[in-house]
>>> print(open('query-v3.txt').read())   # compact mmCIF, C-alpha atoms
# COMPACT_ATOMS: atom_id res chain seq x y z
CA MET A 20 99.12 83.95 135.40
CA PHE A 21 98.89 87.60 134.40
CA TYR A 22 100.97 89.70 132.03
CA THR A 23 101.60 93.43 131.66
CA VAL A 24 101.59 95.24 128.31
CA LYS A 25 105.38 94.89 128.30
CA ASP A 26 105.14 91.14 128.97
CA VAL A 27 102.54 90.71 126.23
CA SER A 28 104.73 92.69 123.84
CA GLN A 29 107.71 90.43 124.56
CA ARG A 30 105.63 87.26 124.23
CA THR A 31 103.83 88.25 121.01
CA GLY A 32 106.29 90.50 119.21
CA LEU A 33 103.64 93.21 119.01
CA THR A 34 104.65 96.70 120.02
CA PRO A 35 103.23 98.13 123.23
CA TYR A 36 101.67 100.80 120.99
CA THR A 37 99.74 98.12 119.06
CA ILE A 38 98.56 96.44 122.24
CA ARG A 39 97.39 99.78 123.65
CA TYR A 40 95.67 100.53 120.34
CA TYR A 41 93.72 97.26 120.62
CA LEU A 42 92.78 98.22 124.18
CA LYS A 43 91.67 101.70 123.07
CA GLU A 44 89.58 100.18 120.29
CA GLY A 45 87.62 98.10 122.79
CA LEU A 46 88.98 94.69 121.86
CA PHE A 47 89.56 93.89 125.55
CA PRO A 48 86.46 95.21 127.31
CA ALA A 49 87.00 93.17 130.49
CA ILE A 50 90.73 93.67 130.97
CA GLN A 51 91.76 93.45 134.60
CA ARG A 52 93.90 96.00 136.42
CA ASP A 53 96.05 95.71 139.52
CA SER A 54 95.93 98.12 142.47
CA ASN A 55 98.23 100.54 140.60
CA GLY A 56 95.97 100.57 137.52
CA THR A 57 98.35 98.45 135.43
CA ARG A 58 96.50 96.39 132.87
CA LEU A 59 96.80 92.66 133.45
CA PHE A 60 96.38 90.22 130.58
CA SER A 61 95.40 86.60 131.22
CA ASP A 62 96.22 83.54 129.13
CA ALA A 63 92.73 83.91 127.61
CA ASP A 64 93.63 87.49 126.63
CA LEU A 65 96.76 86.17 124.91
CA GLU A 66 94.54 83.82 122.92
CA THR A 67 92.40 86.83 122.02
CA ILE A 68 95.49 88.69 120.80
CA TYR A 69 96.39 85.71 118.64
CA MET A 70 92.87 85.71 117.16
CA ILE A 71 92.97 89.48 116.62
CA GLU A 72 96.20 89.10 114.68
CA CYS A 73 94.69 86.26 112.64
CA MET A 74 91.55 88.28 111.96
CA LYS A 75 93.68 91.26 110.93
CA HIS A 76 95.64 89.08 108.50
CA CYS A 77 92.45 87.73 106.96
CA GLY A 78 91.24 91.23 106.24
CA MET A 79 88.85 91.91 109.09
CA THR A 80 88.44 95.53 110.08
CA ILE A 81 88.70 96.80 113.64
CA ASN A 82 84.90 97.34 113.53
CA GLU A 83 84.34 93.69 112.60
CA MET A 84 86.71 92.57 115.36
CA ARG A 85 84.97 94.83 117.86
CA GLN A 86 81.60 93.39 116.79
CA TYR A 87 82.94 89.86 117.23
CA ILE A 88 84.29 90.69 120.72
CA GLN A 89 80.90 92.19 121.62
CA TRP A 90 79.14 89.02 120.47
CA LEU A 91 81.49 87.00 122.67
CA GLU A 92 80.75 89.23 125.65
CA GLU A 93 76.99 88.83 125.10
CA GLY A 94 77.27 85.06 125.22
CA ASP A 95 75.69 82.01 123.63
CA MET A 96 72.89 83.86 121.86
CA ASN A 97 75.49 84.92 119.25
CA ILE A 98 76.89 81.52 118.35
CA ASP A 99 75.21 81.62 114.93
CA LYS A 100 76.55 85.11 114.23
CA CYS A 101 80.10 84.07 115.17
CA LEU A 102 79.84 80.91 113.09
CA SER A 103 78.56 82.85 110.06
CA LEU A 104 81.35 85.40 110.39
CA PHE A 105 84.03 82.72 110.40
CA ILE A 106 82.42 80.64 107.63
CA GLU A 107 82.46 83.75 105.45
CA LYS A 108 86.11 84.48 106.32
CA GLN A 109 87.02 80.83 105.73
CA PHE A 110 85.47 80.96 102.24
CA HIS A 111 87.34 84.15 101.32
CA LEU A 112 90.64 82.88 102.74
CA LYS A 113 90.40 79.63 100.78
CA LYS A 114 89.62 81.58 97.62
CA THR A 115 92.57 83.90 98.25
CA LEU A 116 94.85 80.96 99.01
CA LYS A 117 93.89 79.29 95.75
CA GLN A 118 94.70 82.50 93.87
CA LEU A 119 98.02 82.83 95.68
CA LEU A 120 98.95 79.23 94.88
CA GLU A 121 98.21 79.95 91.20
CA CYS A 122 100.47 83.01 91.43
CA ILE A 123 103.24 80.97 93.03
CA ASP A 124 103.01 78.48 90.17
CA ALA A 125 103.20 81.31 87.63
CA VAL A 126 106.27 82.74 89.37
CA ASP A 127 107.84 79.26 89.55
CA TYR A 128 107.28 78.97 85.80
CA LYS A 129 108.90 82.35 85.14
CA VAL A 130 111.89 81.47 87.36
CA TRP A 131 112.37 78.25 85.36
CA TYR A 132 111.85 80.17 82.10
CA TYR A 133 114.48 82.80 82.85
CA GLN A 134 116.95 80.40 84.44
CA THR A 135 116.77 78.30 81.29
CA ALA A 136 117.15 81.42 79.13
CA LYS A 137 120.12 82.61 81.18
CA GLU A 138 121.87 79.24 80.84
CA ALA A 139 121.30 79.31 77.07
CA GLY A 140 122.16 82.99 76.77
CA THR A 141 118.87 83.78 75.02
CA ILE A 142 115.16 83.90 75.66
CA SER A 143 114.55 82.32 72.27
CA VAL A 144 115.76 79.00 73.69
CA HIS A 145 112.14 78.24 74.48
CA ASN A 146 110.90 78.74 70.90
CA ASN A 147 112.01 75.35 69.63
CA MET A 148 112.55 73.51 72.90
CA PRO A 149 111.39 69.90 72.61
CA LYS A 150 108.51 69.10 74.93
CA ASP A 151 110.52 66.39 76.67
CA HIS A 152 113.06 69.04 77.77
CA ILE A 153 110.36 71.02 79.55
CA PRO A 154 109.66 69.70 83.05
CA GLU A 155 106.16 68.28 83.34
CA LYS A 156 105.28 70.68 86.15
CA MET A 157 106.24 73.65 83.92
CA GLN A 158 104.18 72.24 81.05
CA ASN A 159 101.16 71.95 83.35
CA ILE A 160 101.59 75.47 84.73
CA ARG A 161 101.97 76.98 81.25
CA SER A 162 98.89 75.12 80.08
CA ARG A 163 96.87 76.57 82.98
CA MET A 164 98.25 80.05 82.27
CA ILE A 165 97.07 79.83 78.67
CA HIS A 166 93.60 78.51 79.50
CA VAL A 167 92.63 80.70 82.47
CA LYS A 168 90.99 84.02 81.65
CA ARG A 169 91.43 85.49 85.12
CA LEU A 170 92.50 84.04 88.44
CA THR A 171 89.24 85.13 90.03
CA ASP A 172 87.21 83.28 87.39
CA SER A 173 88.84 79.90 87.94
CA ASN A 174 86.42 77.60 89.73
CA GLU A 175 85.09 79.94 92.37
>>> encode(input="query-v3.txt", output="structure tokens")
Amino acid sequence: MFYTVKDVSQRTGLTPYTIRYYLKEGLFPAIQRDSNGTRLFSDADLETIYMIECMKHCGMTINEMRQYIQWLEEGDMNIDKCLSLFIEKQFHLKKTLKQLLECIDAVDYKVWYYQTAKEAGTISVHNNMPKDHIPEKMQNIRSRMIHVKRLTDSNE
């Protein structure tokens, strides 16, 4: 089955402008055309769009994506290059995810902190709060917040 730019836009939620930008940037070097010159995307091209969007969200530049697409076009001799590229991205994504999870915990703690303060009518409610009134999860988060110098330093 083949899809036009409009079809791909409807299926992916990407704007036709974005799809044409990817085409212009060489991310679809073997795109087919019909007799009228209309670009025709295959199911494999839709998978490529999905991967392009993933690569974009993990911080890859258009140049890196173009290089990856070129390696794919060149074939099996680039398996090691493709593997290395994705191992590196995997490492950085896992590191970023860990940092984001730490940030979510810190925000959860602050939500609890200010909800508790709002209910009491004062931030000082926490000054003499017995430990058994502080949820264990909040105790653990606060302990990590006190003992971590920087998020990027924590167990890289």
>>> atom_distance(input="query-v3.txt", atom1="CA of Arg85 (chain A)", atom2="CA of Gly45 (chain A)")
6.5 Å
>>> residues_around(input="query-v3.txt", residues="Arg161 (chain A)", least_positions_apart="6", cutoff="12 Å", atoms="only C-alpha atoms", output="VMD selection string")
chain A and resid 121 to 122 124 to 129 131 to 132 153 to 155 167
>>> closest_residue(input="query-v3.txt", among="A:Tyr41, A:Gly140, A:Asp62, A:Thr135", to="His152 (chain A)", atoms="only C-alpha atoms")
A:Thr135
>>> residues_around(input="query-v3.txt", residues="region 87-102 of chain A", least_positions_apart="5", cutoff="9 Å", atoms="all atoms listed in the file", output="PyMOL selection string")
chain A and resi 45-49+82+107
>>> closest_residue(input="query-v3.txt", among="A:Ser143, A:Asp26, A:Lys137, A:Cys77", to="Leu112 (chain A)", atoms="all atoms listed in the file")
A:Cys77
>>> atom_distance(input="query-v3.txt", atom1="CA of Thr67 (chain A)", atom2="CA of Phe105 (chain A)")
14.9 Å
>>> closest_residue(input="query-v3.txt", among="A:Tyr40, A:Tyr133, A:His145, A:Thr23", to="Gly56 (chain A)", atoms="all atoms listed in the file")
A:Thr23
>>> residues_around(input="query-v3.txt", residues="Pro35 (chain A)", least_positions_apart="3", cutoff="7 Å", atoms="all atoms listed in the file", output="VMD selection string")
chain A and resid 24 to 25 28 38 to 39
>>> closest_residue(input="query-v3.txt", among="A:Arg52, A:Lys108, A:Lys150, A:Arg58", to="Thr80 (chain A)", atoms="all atoms listed in the file")
A:Lys108
